[in-house]
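Each remark here refers to the structure printed beneath this line.
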Amino acid sequence: MHVLITGGTGFIGSALSAELLAADHEVTVLTRQLIEPRGALRYVQNLEEIDDRARIDAVINLAGASLAGRRWSPAYKREILDSRLETTTAVLQLLRRLDSTPGTLLNASAIGYYGHHGDERLTEDGAVTPGFAQDLCRQWESLAQQASAMGVRVCLLRLGVVLDAGDGAFVQMAQPFRMGIANWMGDGRQWLSWVHRKDVIAAILFLLQQVGLTGPFNLTAPQPITSRDFCAAMKRHTRTLITAPVPGFAMRLLVGEMANELLLQGQRVIPAALEQAGFEFSYPDIDSALDDILGT
Ligand SMILES: NC(=O)c1ccc[n+]([C@@H]2O[C@H](COP(=O)([O-])OP(=O)(O)OC[C@H]3O[C@@H](n4cnc5c(N)ncnc54)[C@H](OP(=O)(O)O)[C@@H]3O)[C@@H](O)[C@H]2O)c1
């Protein structure tokens with residue numbers, strides 16, 4: 001299989017490329033960087049570099065400016081949105097002009113799609129409340145869905161907070177615990193719908209193979225937890241000396257609007273569609289994930 005990955009240099013994309021290459025697939029990565037090809041892995045800086053006659057079986061669209069990267073100024077919010085919509089538009093243009101249309105588009109999205117719903121359990125049919133992350137995900141998903149009109153199978157990956165060692169959200173989340181300080185943010189009752197990166201990669205490979213599957217898929221572990229539960233789990237896996245929650249107002253001062261949208265509120269998301277399709281999570285609960293990530 002020849003797979004094109006936009007944002008394939010990132011936290012999810014790099015692990016995904018490695019897994020695809022290990023399974024003898026060919027991978028092309030769209031990146032803004034200039035990187036030399038390595039065996040079956042090649043890089044393009046613009047999708048126009050891909051010849052009309054290229055045979056690509058699937059596109060995995062992950063590229064976009066990080067939501068947790070910086071304070072959400074109006075200019076940065078524009079970049080978060082534009083980086084995704086422009087890349088997806090370029091993907092659609094590629095799909096349209098290739099002599100042989102790829103069969104599958106797996107498009108990243110996020111559980112921010114739903115907004116905040118307190119303790120309600122959200123499956124893929126969950127309602128949407130207003131907000132920046134919701135608008136972003138809705139626009140991104142509906143643009144990607146345009147590929148269906150070209151006969152492409154479209155799956156929307158509503159990703160939760162992806163955890164693994166080395167990079168991604170876990171590095172920041174684990175930092176106070178490494179210094180012996182256990183904490184949660186705000187009242188700690190907000191839901192954290194997390195997922196181990198290895199399960200994300202496994203679910204993507206599953207969706208690539210199951211050609212009958214389309215539509216939105218919550219990519220979160222079956223057992224979401226609250227921020228306080230995460231703190232308790234980390235305490236079981238690390239040595240902490242004190243527990244010092246960070247008040248909500250301090251988070252708002254430190255990171256602004258992003259604090260309310262991503263850190264002080266959350267959503268309790270269930271991977272109903274993936275489970276119904278028969279996907280089995282290797283890390284369904286936080287203790288099994290932390291055992292693996294922290295090597296405990
Ligand atoms: N990780 C999570 O917890 C999580 C949760 C929910 C949703 N998601 C979504 O899933 C996707 C992949 O996540 P990830 O954690 O792998 O992200 P990541 O590590 O930030 O990687 C995203 C990639 O997008 C490219 N990129 C960054 N800024 C860009 C810009 N302004 N214009 C065009 N391309 C840009 C970068 O590639 P180059 O520098 O090589 O160009 C980068 O490697 C993202 O869209 C993210 O929003 C992730």
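Starting from 1 in every chain, residues are counted up; chains themselves are A, B, ... following the order of the structure tokens, and ligands are numbered from 1 as listed.
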Can you list, as a ChimeraX atom specification, every residue of region 67-176 of chain A that DSSP puts in helix (DSSP H, G or I)? /A:74-97,111-114,132-150,169-176
Any chance you could tabulate, as a tab-separated table, the residues of chain A at most 7 Å from ligand 1 with each one's nearest atom pair and distance in Å to one decimal, using only C-alpha atoms and all ligand atoms, in chain and rising number order?
residue	atom	partner	partner_atom_place_in_ligand_line	distance
A:Gly7	CA	ligand 1	23 (C)	3.7
A:Gly8	CA	ligand 1	43 (O)	5.9
A:Thr9	CA	ligand 1	43 (O)	4.2
A:Gly10	CA	ligand 1	43 (O)	3.3
A:Phe11	CA	ligand 1	16 (O)	3.7
A:Ile12	CA	ligand 1	16 (O)	3.7
A:Gly13	CA	ligand 1	16 (O)	5.3
A:Leu30	CA	ligand 1	41 (O)	6.9
A:Thr31	CA	ligand 1	41 (O)	3.7
A:Arg32	CA	ligand 1	41 (O)	3.8
A:Gln33	CA	ligand 1	40 (O)	5.4
A:Leu62	CA	ligand 1	11 (C)	4.2
A:Ala63	CA	ligand 1	24 (O)	3.4
A:Gly64	CA	ligand 1	35 (C)	4.2
A:Ala65	CA	ligand 1	28 (N)	3.4
A:Ser66	CA	ligand 1	20 (O)	4.7
A:Leu67	CA	ligand 1	47 (O)	6.3
A:Glu79	CA	ligand 1	31 (N)	6.1
A:Ile80	CA	ligand 1	31 (N)	6.8
A:Ser83	CA	ligand 1	32 (N)	4.2
A:Arg84	CA	ligand 1	33 (C)	6.9
A:Thr87	CA	ligand 1	33 (C)	6.7
A:Ala108	CA	ligand 1	10 (O)	5.1
A:Ser109	CA	ligand 1	7 (C)	5.5
A:Ala110	CA	ligand 1	7 (C)	4.4
A:Ile111	CA	ligand 1	6 (C)	6.7
A:Arg158	CA	ligand 1	7 (C)	6.9
A:Leu159	CA	ligand 1	6 (C)	4.4
A:Gly160	CA	ligand 1	5 (C)	5.0
A:Val161	CA	ligand 1	3 (O)	3.9
A:Val162	CA	ligand 1	3 (O)	3.7
A:Leu163	CA	ligand 1	3 (O)	6.7
A:Gly168	CA	ligand 1	1 (N)	5.7
A:Ala169	CA	ligand 1	3 (O)	6.1
Same residues, N, CA and C atoms, saved as an mmCIF file, in the first residue's frame:
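Okay, out_33.cif is ready:
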data_model
loop_
_atom_site.group_PDB
_atom_site.id
_atom_site.type_symbol
_atom_site.label_atom_id
_atom_site.label_comp_id
_atom_site.auth_asym_id
_atom_site.auth_seq_id
_atom_site.Cartn_x
_atom_site.Cartn_y
_atom_site.Cartn_z
ATOM 1 N N GLY A 7 1.505 16.087 7.542
ATOM 2 C CA GLY A 7 1.873 16.210 8.964
ATOM 3 C C GLY A 7 2.507 14.921 9.475
ATOM 4 N N GLY A 8 3.112 14.175 8.571
ATOM 5 C CA GLY A 8 3.679 12.869 8.935
ATOM 6 C C GLY A 8 4.955 12.959 9.756
ATOM 7 N N THR A 9 5.448 14.181 10.000
ATOM 8 C CA THR A 9 6.635 14.335 10.849
ATOM 9 C C THR A 9 6.242 14.509 12.313
ATOM 10 N N GLY A 10 4.941 14.652 12.601
ATOM 11 C CA GLY A 10 4.488 15.013 13.953
ATOM 12 C C GLY A 10 4.448 13.839 14.913
ATOM 13 N N PHE A 11 3.857 14.088 16.059
ATOM 14 C CA PHE A 11 3.789 13.124 17.170
ATOM 15 C C PHE A 11 3.075 11.841 16.724
ATOM 16 N N ILE A 12 1.931 11.979 16.065
ATOM 17 C CA ILE A 12 1.198 10.795 15.605
ATOM 18 C C ILE A 12 1.791 10.308 14.279
ATOM 19 N N GLY A 13 2.041 11.250 13.360
ATOM 20 C CA GLY A 13 2.480 10.879 12.013
ATOM 21 C C GLY A 13 3.812 10.149 11.992
ATOM 22 N N LEU A 30 3.904 14.727 3.535
ATOM 23 C CA LEU A 30 3.891 16.157 3.209
ATOM 24 C C LEU A 30 4.428 16.899 4.429
ATOM 25 N N THR A 31 5.486 17.698 4.216
ATOM 26 C CA THR A 31 6.098 18.448 5.312
ATOM 27 C C THR A 31 6.570 19.800 4.788
ATOM 28 N N ARG A 32 6.665 20.778 5.696
ATOM 29 C CA ARG A 32 7.213 22.068 5.285
ATOM 30 C C ARG A 32 8.732 22.034 5.324
ATOM 31 N N GLN A 33 9.288 20.938 5.871
ATOM 32 C CA GLN A 33 10.742 20.838 6.007
ATOM 33 C C GLN A 33 11.347 20.161 4.786
ATOM 34 N N LEU A 62 -3.181 14.797 8.686
ATOM 35 C CA LEU A 62 -2.948 15.130 10.100
ATOM 36 C C LEU A 62 -2.427 16.558 10.289
ATOM 37 N N ALA A 63 -2.004 17.223 9.204
ATOM 38 C CA ALA A 63 -1.250 18.467 9.358
ATOM 39 C C ALA A 63 -2.075 19.607 9.938
ATOM 40 N N GLY A 64 -1.429 20.405 10.764
ATOM 41 C CA GLY A 64 -2.056 21.602 11.301
ATOM 42 C C GLY A 64 -1.253 22.164 12.454
ATOM 43 N N ALA A 65 -1.322 23.485 12.620
ATOM 44 C CA ALA A 65 -0.605 24.141 13.723
ATOM 45 C C ALA A 65 -1.174 23.641 15.055
ATOM 46 N N SER A 66 -0.289 23.430 16.011
ATOM 47 C CA SER A 66 -0.676 22.839 17.301
ATOM 48 C C SER A 66 -1.659 23.717 18.077
ATOM 49 N N LEU A 67 -2.690 23.097 18.658
ATOM 50 C CA LEU A 67 -3.651 23.858 19.475
ATOM 51 C C LEU A 67 -3.054 24.228 20.825
ATOM 52 N N GLU A 79 -4.228 30.894 12.234
ATOM 53 C CA GLU A 79 -3.224 29.938 11.732
ATOM 54 C C GLU A 79 -3.666 28.494 12.009
ATOM 55 N N ILE A 80 -4.238 28.272 13.202
ATOM 56 C CA ILE A 80 -4.716 26.919 13.561
ATOM 57 C C ILE A 80 -5.743 26.454 12.526
ATOM 58 N N SER A 83 -4.186 26.508 8.601
ATOM 59 C CA SER A 83 -3.213 25.444 8.308
ATOM 60 C C SER A 83 -3.948 24.140 7.986
ATOM 61 N N ARG A 84 -5.062 23.897 8.662
ATOM 62 C CA ARG A 84 -5.822 22.653 8.414
ATOM 63 C C ARG A 84 -6.660 22.754 7.141
ATOM 64 N N THR A 87 -4.406 22.800 3.939
ATOM 65 C CA THR A 87 -3.838 21.476 3.614
ATOM 66 C C THR A 87 -4.934 20.557 3.086
ATOM 67 N N ALA A 108 -7.888 13.684 10.341
ATOM 68 C CA ALA A 108 -7.872 13.954 11.783
ATOM 69 C C ALA A 108 -8.937 14.991 12.135
ATOM 70 N N SER A 109 -9.430 14.904 13.340
ATOM 71 C CA SER A 109 -10.315 15.895 13.935
ATOM 72 C C SER A 109 -10.051 15.748 15.431
ATOM 73 N N ALA A 110 -10.950 16.202 16.263
ATOM 74 C CA ALA A 110 -10.687 16.099 17.700
ATOM 75 C C ALA A 110 -12.008 16.014 18.450
ATOM 76 N N ILE A 111 -11.923 15.540 19.686
ATOM 77 C CA ILE A 111 -13.145 15.445 20.506
ATOM 78 C C ILE A 111 -13.633 16.834 20.901
ATOM 79 N N ARG A 158 -11.904 11.504 15.416
ATOM 80 C CA ARG A 158 -12.088 12.474 16.523
ATOM 81 C C ARG A 158 -11.195 12.057 17.682
ATOM 82 N N LEU A 159 -9.972 12.600 17.626
ATOM 83 C CA LEU A 159 -8.927 12.184 18.567
ATOM 84 C C LEU A 159 -9.111 12.802 19.942
ATOM 85 N N GLY A 160 -8.883 11.974 20.966
ATOM 86 C CA GLY A 160 -8.810 12.490 22.335
ATOM 87 C C GLY A 160 -7.395 12.960 22.605
ATOM 88 N N VAL A 161 -7.061 13.136 23.876
ATOM 89 C CA VAL A 161 -5.710 13.584 24.241
ATOM 90 C C VAL A 161 -4.779 12.377 24.117
ATOM 91 N N VAL A 162 -3.861 12.457 23.151
ATOM 92 C CA VAL A 162 -3.020 11.298 22.838
ATOM 93 C C VAL A 162 -1.824 11.283 23.794
ATOM 94 N N LEU A 163 -1.656 10.163 24.492
ATOM 95 C CA LEU A 163 -0.592 10.069 25.496
ATOM 96 C C LEU A 163 0.493 9.097 25.054
ATOM 97 N N GLY A 168 4.152 15.151 22.858
ATOM 98 C CA GLY A 168 2.702 15.257 23.023
ATOM 99 C C GLY A 168 2.328 15.783 24.406
ATOM 100 N N ALA A 169 1.035 15.717 24.730
ATOM 101 C CA ALA A 169 0.506 16.337 25.947
ATOM 102 C C ALA A 169 1.096 15.740 27.225
#
Near Arg239 (chain A), within 8 Å and counting only C-alpha atoms, which residues show up once chain neighbours fewer than 5 positions away are dropped, as a compact mmCIF listing (two decimals) with N, CA and C atoms, in the first residue's frame?
# COMPACT_ATOMS: atom_id res chain seq x y z
N PHE A 177 4.57 15.99 38.31
CA PHE A 177 4.72 14.72 39.03
C PHE A 177 6.19 14.32 39.09
N ARG A 178 6.94 14.64 38.02
CA ARG A 178 8.37 14.32 38.01
C ARG A 178 9.11 15.11 39.08
N GLY A 180 7.75 15.71 41.92
CA GLY A 180 7.17 15.29 43.20
C GLY A 180 5.87 15.97 43.54
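When only C-alpha atoms are used to measure the gap to Ala23 (chain A), the shortest distance among A:Gly248, A:Ala40, A:Gly295, A:Gln267 belongs to A:Ala40.
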Can you pull out every residue from region 98-238 of chain A that DSSP, working from the backbone, puts in strand (DSSP E or B), and format the result as number ranges by chain? A: 104-110, 121-122, 153-159, 161-163, 181-182, 185, 191-192, 194-196, 215-219, 225-226
Using C-alpha atoms, can you write the selected residues to a file as a PDB file, in the first residue's frame?
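Here's the written file result.pdb:
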ATOM      1  CA  THR A 104      -9.503   6.143   1.502  1.00  0.00           C
ATOM      2  CA  LEU A 105      -9.093   9.459   3.299  1.00  0.00           C
ATOM      3  CA  LEU A 106      -8.596   9.308   7.063  1.00  0.00           C
ATOM      4  CA  ASN A 107      -8.917  12.875   8.298  1.00  0.00           C
ATOM      5  CA  ALA A 108      -7.872  13.954  11.783  1.00  0.00           C
ATOM      6  CA  SER A 109     -10.315  15.895  13.935  1.00  0.00           C
ATOM      7  CA  ALA A 110     -10.687  16.099  17.700  1.00  0.00           C
ATOM      8  CA  ARG A 121     -21.259  10.277  27.860  1.00  0.00           C
ATOM      9  CA  LEU A 122     -20.637  11.329  24.253  1.00  0.00           C
ATOM     10  CA  ARG A 153     -14.149   6.498   1.659  1.00  0.00           C
ATOM     11  CA  VAL A 154     -13.819   9.174   4.367  1.00  0.00           C
ATOM     12  CA  CYS A 155     -13.238   8.388   8.068  1.00  0.00           C
ATOM     13  CA  LEU A 156     -13.075  11.253  10.564  1.00  0.00           C
ATOM     14  CA  LEU A 157     -10.737  10.600  13.486  1.00  0.00           C
ATOM     15  CA  ARG A 158     -12.088  12.474  16.523  1.00  0.00           C
ATOM     16  CA  LEU A 159      -8.927  12.184  18.567  1.00  0.00           C
ATOM     17  CA  VAL A 161      -5.710  13.584  24.241  1.00  0.00           C
ATOM     18  CA  VAL A 162      -3.020  11.298  22.838  1.00  0.00           C
ATOM     19  CA  LEU A 163      -0.592  10.069  25.496  1.00  0.00           C
ATOM     20  CA  ILE A 181       4.086  17.497  42.874  1.00  0.00           C
ATOM     21  CA  ALA A 182       0.757  15.815  42.197  1.00  0.00           C
ATOM     22  CA  MET A 185      -6.312  21.953  37.257  1.00  0.00           C
ATOM     23  CA  TRP A 191     -13.233  14.816  31.982  1.00  0.00           C
ATOM     24  CA  LEU A 192     -10.054  13.749  30.266  1.00  0.00           C
ATOM     25  CA  TRP A 194      -7.288  10.217  26.651  1.00  0.00           C
ATOM     26  CA  VAL A 195      -5.887   7.513  24.356  1.00  0.00           C
ATOM     27  CA  HIS A 196      -2.497   5.782  24.149  1.00  0.00           C
ATOM     28  CA  GLY A 215     -17.878   8.473   9.036  1.00  0.00           C
ATOM     29  CA  PRO A 216     -16.804   9.771  12.440  1.00  0.00           C
ATOM     30  CA  PHE A 217     -14.854   7.619  14.919  1.00  0.00           C
ATOM     31  CA  ASN A 218     -14.090   8.755  18.451  1.00  0.00           C
ATOM     32  CA  LEU A 219     -10.464   7.807  18.962  1.00  0.00           C
ATOM     33  CA  ILE A 225     -11.274   9.674  33.521  1.00  0.00           C
ATOM     34  CA  THR A 226     -11.506  12.982  35.328  1.00  0.00           C
TER      35      THR A 226
END
Closest contacts (region 56-118 of chain A/region 130-146 of chain A, max 6 Å, only C-alpha atoms) as a Markdown table:
| residue | atom | partner | partner_atom | distance |
| --- | --- | --- | --- | --- |
| A:Ser109 | CA | A:Cys137 | CA | 5.7 |
| A:Gly112 | CA | A:Ala133 | CA | 5.4 |
| A:Tyr113 | CA | A:Gln134 | CA | 4.3 |
| A:Gly115 | CA | A:Gln134 | CA | 5.9 |
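You can rank A:Leu34, A:Lys77, A:Arg71, A:Leu205 by their closest distance to Leu254 (chain A) using only C-alpha atoms, and at the top of that list sits A:Arg71.
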